[in-house]
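Here is the file structure.cif (mmCIF, C-alpha atoms and all ligand atoms).
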data_protein
loop_
_atom_site.group_PDB
_atom_site.id
_atom_site.type_symbol
_atom_site.label_atom_id
_atom_site.label_comp_id
_atom_site.auth_asym_id
_atom_site.auth_seq_id
_atom_site.Cartn_x
_atom_site.Cartn_y
_atom_site.Cartn_z
ATOM 1 C CA MET A 1 117.890 -47.595 -238.543
ATOM 2 C CA ALA A 2 114.431 -47.565 -240.180
ATOM 3 C CA MET A 3 113.603 -44.467 -242.221
ATOM 4 C CA ARG A 4 110.299 -42.678 -241.692
ATOM 5 C CA LEU A 5 107.908 -43.711 -244.457
ATOM 6 C CA LYS A 6 106.696 -40.181 -245.172
ATOM 7 C CA ASP A 7 110.312 -38.980 -245.499
ATOM 8 C CA SER A 8 111.279 -41.784 -247.831
ATOM 9 C CA LEU A 9 108.362 -40.961 -250.141
ATOM 10 C CA SER A 10 108.708 -37.197 -250.154
ATOM 11 C CA GLY A 11 109.275 -36.015 -253.704
ATOM 12 C CA VAL A 12 107.849 -39.337 -254.972
ATOM 13 C CA LEU A 13 104.227 -38.901 -253.929
ATOM 14 C CA THR A 14 102.283 -35.719 -254.635
ATOM 15 C CA ALA A 15 101.466 -33.399 -251.707
ATOM 16 C CA GLU A 16 97.894 -34.746 -251.706
ATOM 17 C CA GLU A 17 99.083 -38.339 -251.682
ATOM 18 C CA GLN A 18 101.507 -37.562 -248.842
ATOM 19 C CA GLN A 19 98.599 -36.130 -246.896
ATOM 20 C CA ALA A 20 96.566 -39.321 -247.353
ATOM 21 C CA LEU A 21 99.488 -41.643 -246.528
ATOM 22 C CA ILE A 22 99.277 -43.446 -243.179
ATOM 23 C CA GLY A 23 102.887 -43.293 -242.068
ATOM 24 C CA SER A 24 102.702 -45.806 -239.231
ATOM 25 C CA TYR A 25 102.212 -49.560 -239.511
ATOM 26 C CA ASP A 26 102.441 -52.677 -237.363
ATOM 27 C CA ILE A 27 105.449 -54.939 -237.608
ATOM 28 C CA VAL A 28 104.581 -58.550 -236.804
ATOM 29 C CA GLY A 29 107.853 -60.490 -236.798
ATOM 30 C CA ASP A 30 109.333 -59.602 -240.178
ATOM 31 C CA ILE A 31 105.992 -58.673 -241.779
ATOM 32 C CA ALA A 32 104.907 -55.029 -242.045
ATOM 33 C CA ILE A 33 101.134 -54.689 -242.070
ATOM 34 C CA ILE A 34 99.960 -51.436 -243.597
ATOM 35 C CA ILE A 35 96.669 -49.685 -244.227
ATOM 36 C CA ILE A 36 96.324 -48.272 -247.738
ATOM 37 C CA PRO A 37 93.583 -45.640 -248.133
ATOM 38 C CA GLU A 38 91.461 -46.167 -251.259
ATOM 39 C CA THR A 39 92.867 -42.970 -252.827
ATOM 40 C CA LEU A 40 96.403 -44.404 -252.676
ATOM 41 C CA LYS A 41 95.594 -47.785 -254.254
ATOM 42 C CA ALA A 42 97.480 -46.913 -257.446
ATOM 43 C CA CYS A 43 100.666 -46.262 -255.412
ATOM 44 C CA GLU A 44 100.407 -49.214 -253.009
ATOM 45 C CA ARG A 45 103.352 -51.167 -254.423
ATOM 46 C CA LEU A 46 105.503 -48.048 -254.454
ATOM 47 C CA ILE A 47 104.678 -47.502 -250.780
ATOM 48 C CA ALA A 48 105.311 -51.168 -249.938
ATOM 49 C CA ASN A 49 108.676 -51.139 -251.713
ATOM 50 C CA ALA A 50 109.665 -47.978 -249.828
ATOM 51 C CA ILE A 51 108.981 -49.808 -246.550
ATOM 52 C CA LEU A 52 111.073 -52.798 -247.670
ATOM 53 C CA ALA A 53 113.937 -50.538 -248.764
ATOM 54 C CA GLY A 54 113.800 -48.502 -245.554
ATOM 55 C CA ASN A 55 113.911 -51.334 -242.999
ATOM 56 C CA ARG A 56 116.180 -54.334 -243.385
ATOM 57 C CA ARG A 57 114.279 -56.291 -240.707
ATOM 58 C CA ILE A 58 111.140 -56.372 -242.874
ATOM 59 C CA LYS A 59 110.921 -59.166 -245.427
ATOM 60 C CA VAL A 60 107.217 -58.993 -246.350
ATOM 61 C CA VAL A 61 104.867 -56.028 -246.755
ATOM 62 C CA ALA A 62 101.148 -56.832 -246.639
ATOM 63 C CA LYS A 63 98.116 -54.592 -246.558
ATOM 64 C CA ARG A 64 94.934 -55.010 -244.593
ATOM 65 C CA ALA A 65 92.412 -56.262 -247.178
ATOM 66 C CA GLY A 66 89.418 -56.090 -244.852
ATOM 67 C CA VAL A 67 88.624 -55.659 -241.197
ATOM 68 C CA TYR A 68 88.954 -57.878 -238.117
ATOM 69 C CA GLY A 69 85.963 -60.165 -238.033
ATOM 70 C CA GLY A 70 84.410 -63.547 -237.413
ATOM 71 C CA GLU A 71 84.543 -65.669 -234.305
ATOM 72 C CA PHE A 72 88.335 -65.958 -234.521
ATOM 73 C CA ARG A 73 88.892 -62.184 -234.965
ATOM 74 C CA THR A 74 91.070 -62.631 -238.071
ATOM 75 C CA ILE A 75 91.797 -60.131 -240.855
ATOM 76 C CA PRO A 76 92.463 -60.753 -244.578
ATOM 77 C CA LEU A 77 95.910 -59.623 -245.748
ATOM 78 C CA SER A 78 97.233 -59.119 -249.245
ATOM 79 C CA ILE A 79 100.970 -59.220 -249.941
ATOM 80 C CA LEU A 80 102.315 -56.164 -251.784
ATOM 81 C CA ALA A 81 106.092 -56.623 -251.676
ATOM 82 C CA GLY A 82 108.845 -58.926 -250.466
ATOM 83 C CA GLU A 83 108.657 -62.675 -249.897
ATOM 84 C CA ASN A 84 105.487 -64.550 -250.742
ATOM 85 C CA ARG A 85 104.527 -65.823 -247.272
ATOM 86 C CA LYS A 86 102.375 -64.819 -244.332
ATOM 87 C CA GLU A 87 103.933 -66.910 -241.592
ATOM 88 C CA THR A 88 106.460 -65.272 -239.307
ATOM 89 C CA GLU A 89 108.072 -65.434 -235.897
ATOM 90 C CA VAL A 90 107.579 -62.700 -233.296
ATOM 91 C CA ARG A 91 109.862 -62.152 -230.317
ATOM 92 C CA GLU A 92 108.108 -60.685 -227.288
ATOM 93 C CA PHE A 93 110.249 -60.143 -224.171
ATOM 94 C CA GLY A 94 112.446 -63.021 -225.315
ATOM 95 C CA ILE A 95 109.473 -65.335 -225.995
ATOM 96 C CA ARG A 96 109.279 -66.847 -229.488
ATOM 97 C CA LEU A 97 105.843 -66.867 -231.132
ATOM 98 C CA ARG A 98 105.281 -68.407 -234.570
ATOM 99 C CA LEU A 99 102.063 -67.366 -236.305
ATOM 100 C CA ASN A 100 100.307 -66.363 -239.494
ATOM 101 C CA PRO A 101 98.619 -62.994 -238.799
ATOM 102 C CA GLU A 102 95.945 -63.681 -241.415
ATOM 103 C CA ARG A 103 94.850 -67.007 -239.932
ATOM 104 C CA VAL A 104 95.036 -66.203 -236.205
ATOM 105 C CA TYR A 105 94.491 -63.156 -234.028
ATOM 106 C CA PHE A 106 97.622 -61.609 -232.599
ATOM 107 C CA SER A 107 98.261 -58.026 -231.530
ATOM 108 C CA VAL A 108 101.839 -56.826 -231.206
ATOM 109 C CA ARG A 109 100.437 -53.881 -229.255
ATOM 110 C CA SER A 110 99.376 -56.021 -226.287
ATOM 111 C CA GLY A 111 102.856 -57.177 -225.263
ATOM 112 C CA ASN A 112 103.111 -54.784 -222.315
ATOM 113 C CA GLU A 113 99.668 -55.803 -221.108
ATOM 114 C CA ARG A 114 100.623 -59.490 -221.155
ATOM 115 C CA ARG A 115 103.760 -58.596 -219.204
ATOM 116 C CA ARG A 116 101.629 -56.633 -216.714
ATOM 117 C CA ILE A 117 99.334 -59.597 -216.080
ATOM 118 C CA ALA A 118 102.343 -61.894 -215.636
ATOM 119 C CA SER A 119 103.769 -59.494 -213.037
ATOM 120 C CA LEU A 120 100.610 -59.861 -210.902
ATOM 121 C CA VAL A 121 100.844 -63.651 -210.629
ATOM 122 C CA THR A 122 102.179 -64.814 -207.255
ATOM 123 C CA PRO A 123 104.187 -68.030 -206.660
ATOM 124 C CA GLY A 124 102.174 -71.253 -206.734
ATOM 125 C CA GLU A 125 99.112 -69.812 -208.487
ATOM 126 C CA SER A 126 97.045 -71.749 -210.989
ATOM 127 C CA VAL A 127 96.009 -69.489 -213.885
ATOM 128 C CA LEU A 128 93.365 -70.034 -216.554
ATOM 129 C CA VAL A 129 93.673 -68.070 -219.811
ATOM 130 C CA LEU A 130 90.476 -68.222 -221.831
ATOM 131 C CA PHE A 131 90.810 -67.301 -225.542
ATOM 132 C CA SER A 132 94.534 -68.034 -225.443
ATOM 133 C CA GLY A 133 95.269 -67.690 -229.199
ATOM 134 C CA VAL A 134 98.838 -68.665 -230.122
ATOM 135 C CA ALA A 135 99.611 -68.704 -226.351
ATOM 136 C CA PRO A 136 101.264 -65.295 -225.756
ATOM 137 C CA TYR A 137 99.608 -64.901 -222.317
ATOM 138 C CA PRO A 138 100.390 -68.433 -221.075
ATOM 139 C CA LEU A 139 104.006 -68.111 -222.236
ATOM 140 C CA ALA A 140 104.467 -64.628 -220.705
ATOM 141 C CA ILE A 141 102.978 -65.802 -217.399
ATOM 142 C CA SER A 142 105.142 -68.915 -217.429
ATOM 143 C CA ARG A 143 108.275 -66.903 -218.187
ATOM 144 C CA PHE A 144 107.743 -64.040 -215.746
ATOM 145 C CA SER A 145 106.073 -65.681 -212.751
ATOM 146 C CA LEU A 146 106.348 -68.719 -210.531
ATOM 147 C CA ALA A 147 102.840 -69.978 -211.365
ATOM 148 C CA LYS A 148 102.209 -73.632 -210.607
ATOM 149 C CA VAL A 149 100.224 -74.219 -213.773
ATOM 150 C CA ILE A 150 98.785 -72.168 -216.625
ATOM 151 C CA VAL A 151 95.873 -73.581 -218.638
ATOM 152 C CA GLY A 152 94.878 -72.048 -221.987
ATOM 153 C CA ILE A 153 91.694 -72.574 -224.019
ATOM 154 C CA GLU A 154 91.429 -71.584 -227.692
ATOM 155 C CA LYS A 155 88.743 -72.399 -230.275
ATOM 156 C CA ASN A 156 90.569 -71.566 -233.538
ATOM 157 C CA PRO A 157 92.320 -74.845 -234.525
ATOM 158 C CA GLU A 158 95.060 -72.968 -236.402
ATOM 159 C CA ALA A 159 95.795 -70.723 -233.405
ATOM 160 C CA HIS A 160 95.885 -73.806 -231.162
ATOM 161 C CA GLY A 161 98.257 -75.504 -233.643
ATOM 162 C CA TYR A 162 100.619 -72.519 -233.491
ATOM 163 C CA ALA A 163 100.287 -72.438 -229.699
ATOM 164 C CA LEU A 164 101.504 -76.055 -229.537
ATOM 165 C CA GLN A 165 104.427 -75.156 -231.824
ATOM 166 C CA ASN A 166 105.189 -72.177 -229.584
ATOM 167 C CA LEU A 167 105.418 -74.427 -226.530
ATOM 168 C CA GLN A 168 108.052 -76.402 -228.452
ATOM 169 C CA LEU A 169 109.891 -73.206 -229.436
ATOM 170 C CA ASN A 170 110.054 -72.135 -225.774
ATOM 171 C CA LYS A 171 110.973 -75.505 -224.304
ATOM 172 C CA LYS A 172 112.089 -74.171 -220.925
ATOM 173 C CA LEU A 173 108.534 -73.024 -220.168
ATOM 174 C CA ARG A 174 106.928 -76.287 -219.163
ATOM 175 C CA ASN A 175 104.001 -75.529 -216.840
ATOM 176 C CA ILE A 176 101.444 -74.859 -219.603
ATOM 177 C CA ILE A 177 98.490 -77.046 -220.637
ATOM 178 C CA LEU A 178 96.519 -76.064 -223.751
ATOM 179 C CA TYR A 179 93.024 -77.138 -224.787
ATOM 180 C CA LEU A 180 91.444 -76.780 -228.221
ATOM 181 C CA GLY A 181 87.734 -75.967 -228.030
ATOM 182 C CA ASP A 182 85.024 -73.558 -227.015
ATOM 183 C CA ALA A 183 85.684 -72.034 -223.600
ATOM 184 C CA GLY A 184 82.065 -72.739 -222.630
ATOM 185 C CA ALA A 185 82.513 -76.446 -223.403
ATOM 186 C CA ILE A 186 86.012 -76.919 -221.936
ATOM 187 C CA ILE A 187 85.554 -75.102 -218.596
ATOM 188 C CA PRO A 188 83.005 -77.650 -217.256
ATOM 189 C CA ILE A 189 85.438 -80.532 -217.854
ATOM 190 C CA LEU A 190 88.330 -78.917 -215.947
ATOM 191 C CA SER A 191 88.676 -80.668 -212.616
ATOM 192 C CA GLU A 192 90.189 -77.841 -210.501
ATOM 193 C CA CYS A 193 89.357 -74.227 -209.750
ATOM 194 C CA PHE A 194 91.849 -71.428 -210.488
ATOM 195 C CA ASP A 195 93.416 -68.560 -208.528
ATOM 196 C CA ARG A 196 93.222 -66.285 -211.559
ATOM 197 C CA VAL A 197 91.197 -66.210 -214.781
ATOM 198 C CA VAL A 198 92.264 -64.026 -217.729
ATOM 199 C CA MET A 199 89.618 -63.186 -220.374
ATOM 200 C CA PRO A 200 91.215 -61.417 -223.385
ATOM 201 C CA LEU A 201 88.198 -61.375 -225.722
ATOM 202 C CA PRO A 202 87.026 -57.740 -225.702
ATOM 203 C CA THR A 203 83.256 -57.215 -226.268
ATOM 204 C CA MET A 204 82.461 -60.961 -226.189
ATOM 205 C CA ALA A 205 84.035 -62.001 -222.877
ATOM 206 C CA GLU A 206 80.799 -61.056 -221.112
ATOM 207 C CA THR A 207 79.141 -64.202 -222.512
ATOM 208 C CA PHE A 208 81.638 -66.315 -220.581
ATOM 209 C CA LEU A 209 81.559 -64.488 -217.239
ATOM 210 C CA ALA A 210 79.315 -67.039 -215.526
ATOM 211 C CA ASP A 211 81.628 -69.898 -216.626
ATOM 212 C CA ALA A 212 84.672 -67.933 -215.468
ATOM 213 C CA LEU A 213 83.156 -67.234 -212.050
ATOM 214 C CA ARG A 214 82.276 -70.900 -211.588
ATOM 215 C CA ILE A 215 85.911 -71.934 -212.059
ATOM 216 C CA LEU A 216 87.450 -69.058 -210.038
ATOM 217 C CA LYS A 217 88.373 -69.786 -206.415
ATOM 218 C CA PRO A 218 86.892 -67.544 -203.683
ATOM 219 C CA GLY A 219 89.312 -64.623 -203.305
ATOM 220 C CA GLY A 220 90.610 -65.217 -206.848
ATOM 221 C CA TYR A 221 91.355 -62.592 -209.496
ATOM 222 C CA LEU A 222 89.509 -61.986 -212.746
ATOM 223 C CA HIS A 223 90.991 -59.979 -215.642
ATOM 224 C CA PHE A 224 88.084 -58.962 -217.845
ATOM 225 C CA TYR A 225 88.775 -57.119 -221.123
ATOM 226 C CA ASP A 226 86.350 -54.806 -222.860
ATOM 227 C CA LEU A 227 86.304 -52.019 -225.465
ATOM 228 C CA GLN A 228 84.795 -48.910 -223.968
ATOM 229 C CA ARG A 229 84.458 -45.131 -224.217
ATOM 230 C CA PRO A 230 86.003 -43.296 -221.254
ATOM 231 C CA ASP A 231 82.619 -42.094 -220.002
ATOM 232 C CA CYS A 232 81.239 -45.663 -219.997
ATOM 233 C CA PHE A 233 83.867 -47.615 -218.032
ATOM 234 C CA ALA A 234 81.235 -48.154 -215.323
ATOM 235 C CA ASP A 235 79.133 -50.104 -217.865
ATOM 236 C CA SER A 236 81.962 -52.621 -218.254
ATOM 237 C CA PHE A 237 82.275 -52.991 -214.502
ATOM 238 C CA ALA A 238 78.492 -53.473 -214.289
ATOM 239 C CA LYS A 239 78.839 -56.588 -216.473
ATOM 240 C CA ILE A 240 80.996 -58.148 -213.736
ATOM 241 C CA THR A 241 78.740 -57.140 -210.865
ATOM 242 C CA ALA A 242 75.665 -58.459 -212.745
ATOM 243 C CA ALA A 243 77.351 -61.828 -213.349
ATOM 244 C CA CYS A 244 78.474 -61.922 -209.703
ATOM 245 C CA SER A 245 74.998 -61.294 -208.359
ATOM 246 C CA THR A 246 73.446 -64.099 -210.447
ATOM 247 C CA ASN A 247 76.237 -66.469 -209.423
ATOM 248 C CA ASN A 248 76.251 -65.595 -205.728
ATOM 249 C CA ARG A 249 79.706 -63.972 -205.764
ATOM 250 C CA GLN A 250 80.921 -60.529 -204.710
ATOM 251 C CA VAL A 251 83.528 -58.108 -206.028
ATOM 252 C CA GLU A 252 85.942 -57.356 -203.171
ATOM 253 C CA GLY A 253 88.063 -54.790 -204.965
ATOM 254 C CA PHE A 254 88.879 -53.749 -208.507
ATOM 255 C CA SER A 255 90.869 -51.442 -210.721
ATOM 256 C CA ILE A 256 90.378 -50.427 -214.344
ATOM 257 C CA ILE A 257 93.445 -50.327 -216.580
ATOM 258 C CA LYS A 258 93.562 -48.634 -219.976
ATOM 259 C CA CYS A 259 95.644 -50.979 -222.101
ATOM 260 C CA GLY A 260 95.189 -49.736 -225.647
ATOM 261 C CA HIS A 261 93.213 -47.642 -228.090
ATOM 262 C CA CYS A 262 90.827 -48.974 -230.682
ATOM 263 C CA GLY A 263 89.366 -46.180 -232.723
ATOM 264 C CA PRO A 264 88.751 -42.616 -231.692
ATOM 265 C CA ARG A 265 87.778 -42.214 -228.017
ATOM 266 C CA THR A 266 87.529 -45.958 -227.447
ATOM 267 C CA TYR A 267 89.889 -47.784 -225.140
ATOM 268 C CA ARG A 268 90.745 -51.407 -224.677
ATOM 269 C CA ILE A 269 90.387 -51.768 -220.925
ATOM 270 C CA CYS A 270 91.118 -54.503 -218.456
ATOM 271 C CA ILE A 271 89.167 -54.728 -215.224
ATOM 272 C CA ASP A 272 91.252 -56.458 -212.578
ATOM 273 C CA ALA A 273 88.753 -57.672 -209.981
ATOM 274 C CA ARG A 274 89.157 -59.685 -206.779
ATOM 275 C CA ILE A 275 86.098 -61.891 -206.403
ATOM 276 C CA GLN A 276 84.843 -63.482 -203.179
HETATM 277 C C1 LIG B 1 91.284 -61.142 -229.028
HETATM 278 S S1 LIG B 1 91.920 -62.743 -229.395
HETATM 279 C C2 LIG B 1 93.161 -62.935 -228.117
HETATM 280 C C3 LIG B 1 94.155 -64.008 -228.481
HETATM 281 C C4 LIG B 1 95.375 -64.067 -227.534
HETATM 282 N N1 LIG B 1 94.983 -64.177 -226.151
HETATM 283 C C5 LIG B 1 96.300 -62.894 -227.731
HETATM 284 O O1 LIG B 1 96.433 -62.066 -226.818
HETATM 285 O O2 LIG B 1 96.904 -62.789 -228.811
HETATM 286 C C6 LIG B 1 90.612 -63.777 -228.874
HETATM 287 C C7 LIG B 1 90.820 -65.258 -229.177
HETATM 288 O O3 LIG B 1 89.689 -65.983 -228.684
HETATM 289 C C8 LIG B 1 89.396 -67.049 -229.569
HETATM 290 N N2 LIG B 1 88.012 -67.418 -229.309
HETATM 291 C C9 LIG B 1 86.888 -66.806 -229.764
HETATM 292 N N3 LIG B 1 85.788 -67.407 -229.256
HETATM 293 C C10 LIG B 1 86.224 -68.400 -228.446
HETATM 294 C C11 LIG B 1 85.564 -69.368 -227.631
HETATM 295 N N4 LIG B 1 84.235 -69.425 -227.571
HETATM 296 N N5 LIG B 1 86.311 -70.238 -226.912
HETATM 297 C C12 LIG B 1 87.671 -70.197 -226.982
HETATM 298 N N6 LIG B 1 88.354 -69.320 -227.762
HETATM 299 C C13 LIG B 1 87.641 -68.426 -228.480
HETATM 300 C C14 LIG B 1 89.702 -66.471 -230.945
HETATM 301 O O4 LIG B 1 89.946 -67.466 -231.888
HETATM 302 C C15 LIG B 1 90.955 -65.624 -230.642
HETATM 303 O O5 LIG B 1 92.125 -66.375 -230.821
#

Could you spell out this file's structure in structure tokens?
Ligand SMILES: C[S@@+](CC[C@H](N)C(=O)[O-])C[C@H]1O[C@@H](n2cnc3c(N)ncnc32)[C@H](O)[C@@H]1O
Amino acid sequence: MAMRLKDSLSGVLTAEEQQALIGSYDIVGDIAIIIIPETLKACERLIANAILAGNRRIKVVAKRAGVYGGEFRTIPLSILAGENRKETEVREFGIRLRLNPERVYFSVRSGNERRRIASLVTPGESVLVLFSGVAPYPLAISRFSLAKVIVGIEKNPEAHGYALQNLQLNKKLRNIILYLGDAGAIIPILSECFDRVVMPLPTMAETFLADALRILKPGGYLHFYDLQRPDCFADSFAKITAACSTNNRQVEGFSIIKCGHCGPRTYRICIDARIQ
């Protein structure tokens, strides 16, 4: 059983340091990823070693050494304790995902959302996942639905490389086709339209709405992700209606799902929309 970080450091850190300590952290496979406030820099190895000692599952402790950025939404990490590696394997609902969290985007917090999308897929559907990363959505949909085919598109070559490895690691899931490239360039070369298009690229997915609508069958479903304040959810929906009106499509029905937090008063939302 893992020990609470704050408890394990009580009596070691001063009261002020305890106050500044961020007691929660993400665990990606066997790597703990922590945030060290500037005022605790001098104690960072002490904190990292306390995490290693308190949780036998963790083999590496790394700190965020920057913020998520760039086209591939990656974040620099710096190892503080444990083994000297950044590659790991995550298990999500029995699915194996190999990845390096510094080189590719992956959020352990989105597992339930991926499972939710998979649960909406009906037998025989063809599903397109834009921005598919190391393939967690395609694999979850393949595992938990009877989709006919799932196509993924990812631009980061390293994420695509891991996605191909992950297909090998989950050999029973065979109805997935993955493309490396820009979604805007790959969509026009796909020969069939899809029953469902998933767009997990919050804030930037808007740029690809016209492409997504062109490849979505009439009566198909769109899952559009955005980051939004609760009083502005309508602005996210307006992005879909604007794209529909310029592409001669209509929204038949929709719902807005809160699927995570990102900063104070900002949600990661998914708009599930049926488009005619
Ligand atoms: C927020 S991440 C989501 C990754 C994955 N779906 C997941 O849930 O872990 C967005 C992904 O889109 C990729 N990406 C960014 N721009 C792209 C583009 N124009 N075409 C295809 N993929 C792109 C990034 O490299 C990144 O892997």

Please give me, as a PDB file with C-alpha atoms, in the coordinates of the input, the residues lying within 6 Å of ligand LIG 1 (chain B) when counting only C-alpha atoms and all ligand atoms.
ATOM      1  CA  GLU A  71      84.543 -65.669-234.305  1.00  0.00           C
ATOM      2  CA  PHE A  72      88.335 -65.958-234.521  1.00  0.00           C
ATOM      3  CA  ARG A  73      88.892 -62.184-234.965  1.00  0.00           C
ATOM      4  CA  TYR A 105      94.491 -63.156-234.028  1.00  0.00           C
ATOM      5  CA  PHE A 106      97.622 -61.609-232.599  1.00  0.00           C
ATOM      6  CA  SER A 107      98.261 -58.026-231.530  1.00  0.00           C
ATOM      7  CA  PHE A 131      90.810 -67.301-225.542  1.00  0.00           C
ATOM      8  CA  SER A 132      94.534 -68.034-225.443  1.00  0.00           C
ATOM      9  CA  GLY A 133      95.269 -67.690-229.199  1.00  0.00           C
ATOM     10  CA  PRO A 136     101.264 -65.295-225.756  1.00  0.00           C
ATOM     11  CA  ILE A 153      91.694 -72.574-224.019  1.00  0.00           C
ATOM     12  CA  GLU A 154      91.429 -71.584-227.692  1.00  0.00           C
ATOM     13  CA  LYS A 155      88.743 -72.399-230.275  1.00  0.00           C
ATOM     14  CA  ASN A 156      90.569 -71.566-233.538  1.00  0.00           C
ATOM     15  CA  GLY A 181      87.734 -75.967-228.030  1.00  0.00           C
ATOM     16  CA  ASP A 182      85.024 -73.558-227.015  1.00  0.00           C
ATOM     17  CA  ALA A 183      85.684 -72.034-223.600  1.00  0.00           C
ATOM     18  CA  PRO A 200      91.215 -61.417-223.385  1.00  0.00           C
ATOM     19  CA  LEU A 201      88.198 -61.375-225.722  1.00  0.00           C
TER      20      LEU A 201
END

Coordinates-based distance that separates atom CA of Glu102 of chain A from atom CA of Leu164 of chain A (Å, one decimal): 18.0 Å

Exercise: Arg64 of chain A partners within 10 Å, only C-alpha atoms, chain neighbours under 3 positions left out, as an MDAnalysis selection string: chainID A and resid 33:36 67:68 75:79 102

Explicit residue set for the PyMOL selection byres (((chain A and resi 49) around 10) and not hetatm), as an MDAnalysis selection string: chainID A and resid 44:48 50:54 60:61 80:82

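By chain and then residue number, the residues within 10 Å of Ile240 of chain A are Glu206, Leu209, Ala210, Leu213, Leu222, Phe224, Arg249, Gln250, Val251, Ile271, Ala273 and Ile275 of chain A, counting only C-alpha atoms and disregarding those fewer than 6 positions away in sequence.
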
Ground truth for the PyMOL selection byres (((chain A and resi 87-97) around 7) and not hetatm), written as a ChimeraX atom specification: /A:28-30,85-86,98-100,111,166,169-170

Just want the 12 Å neighbourhood of Ser10 of chain A, counted on all atoms listed in the file, with same-chain residues fewer than 5 positions away dropped. Output as a PDB file with C-alpha atoms, in the frame of the given file.
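Printed below is part25.pdb as written:
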ATOM      1  CA  MET A   3     113.603 -44.467-242.221  1.00  0.00           C
ATOM      2  CA  ARG A   4     110.299 -42.678-241.692  1.00  0.00           C
ATOM      3  CA  LEU A   5     107.908 -43.711-244.457  1.00  0.00           C
ATOM      4  CA  ALA A  15     101.466 -33.399-251.707  1.00  0.00           C
ATOM      5  CA  GLU A  16      97.894 -34.746-251.706  1.00  0.00           C
ATOM      6  CA  GLU A  17      99.083 -38.339-251.682  1.00  0.00           C
ATOM      7  CA  GLN A  18     101.507 -37.562-248.842  1.00  0.00           C
ATOM      8  CA  GLN A  19      98.599 -36.130-246.896  1.00  0.00           C
ATOM      9  CA  LEU A  21      99.488 -41.643-246.528  1.00  0.00           C
ATOM     10  CA  GLY A  23     102.887 -43.293-242.068  1.00  0.00           C
ATOM     11  CA  ILE A  47     104.678 -47.502-250.780  1.00  0.00           C
ATOM     12  CA  ALA A  50     109.665 -47.978-249.828  1.00  0.00           C
TER      13      ALA A  50
END

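Near segment 190-194 of chain A, within a cut-off of 7 Å and counting all atoms listed in the file, sit the residues Ser126, Val127, Leu128, Ile215, Leu216 and Lys217 of chain A, with same-chain residues fewer than 5 positions away left out.
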
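Shortest atom-to-atom contact with Leu173 of chain A among A:Ala234, A:Ile150, A:Ile189, A:Ala159: A:Ile150, counting only C-alpha atoms.
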
Selected residue, from A:Ala62, A:Leu130, A:Leu227, A:Ala20, that lies nearest to Ala32 of chain A when counting only C-alpha atoms: A:Ala62

Proximity to Arg268 of chain A - best of A:Arg229, A:Lys6, A:Arg214, A:Lys41, all atoms listed in the file: A:Arg229

Using the file's own x, y and z axes, so that the box edges lie along x, y and z, what centre and edge lengths in Å (one decimal) does a box around every listed atom of segment 121-134 of chain A get when 3 Å is added on each side? Give it as AutoDock Vina command-line options.
--center_x 97.3 --center_y -67.7 --center_z -218.4 --size_x 19.7 --size_y 14.1 --size_z 29.5

Counting only C-alpha atoms, which residues come within 7 Å of (87.4, -53.4, -223.5), with the point read in the file's coordinates, and could you list them as a short mmCIF file (atom, residue, chain, number, x, y, z; two decimals) with C-alpha atoms, keeping the file's coordinate frame?
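Final output, saved to part36.cif:
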data_model
loop_
_atom_site.label_atom_id
_atom_site.label_comp_id
_atom_site.auth_asym_id
_atom_site.auth_seq_id
_atom_site.Cartn_x
_atom_site.Cartn_y
_atom_site.Cartn_z
CA PRO A 202 87.03 -57.74 -225.70
CA THR A 203 83.26 -57.22 -226.27
CA TYR A 225 88.78 -57.12 -221.12
CA ASP A 226 86.35 -54.81 -222.86
CA LEU A 227 86.30 -52.02 -225.46
CA GLN A 228 84.80 -48.91 -223.97
CA TYR A 267 89.89 -47.78 -225.14
CA ARG A 268 90.74 -51.41 -224.68
CA ILE A 269 90.39 -51.77 -220.92
CA CYS A 270 91.12 -54.50 -218.46
#

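Here atom CA of Pro138 of chain A and atom CA of Gly263 of chain A stand 27.4 Å from one another.
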
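Distance check against Thr246 of chain A using only C-alpha atoms: of A:Ile187, A:Ala42, A:Thr122, A:Asp211, the minimum falls on A:Asp211.
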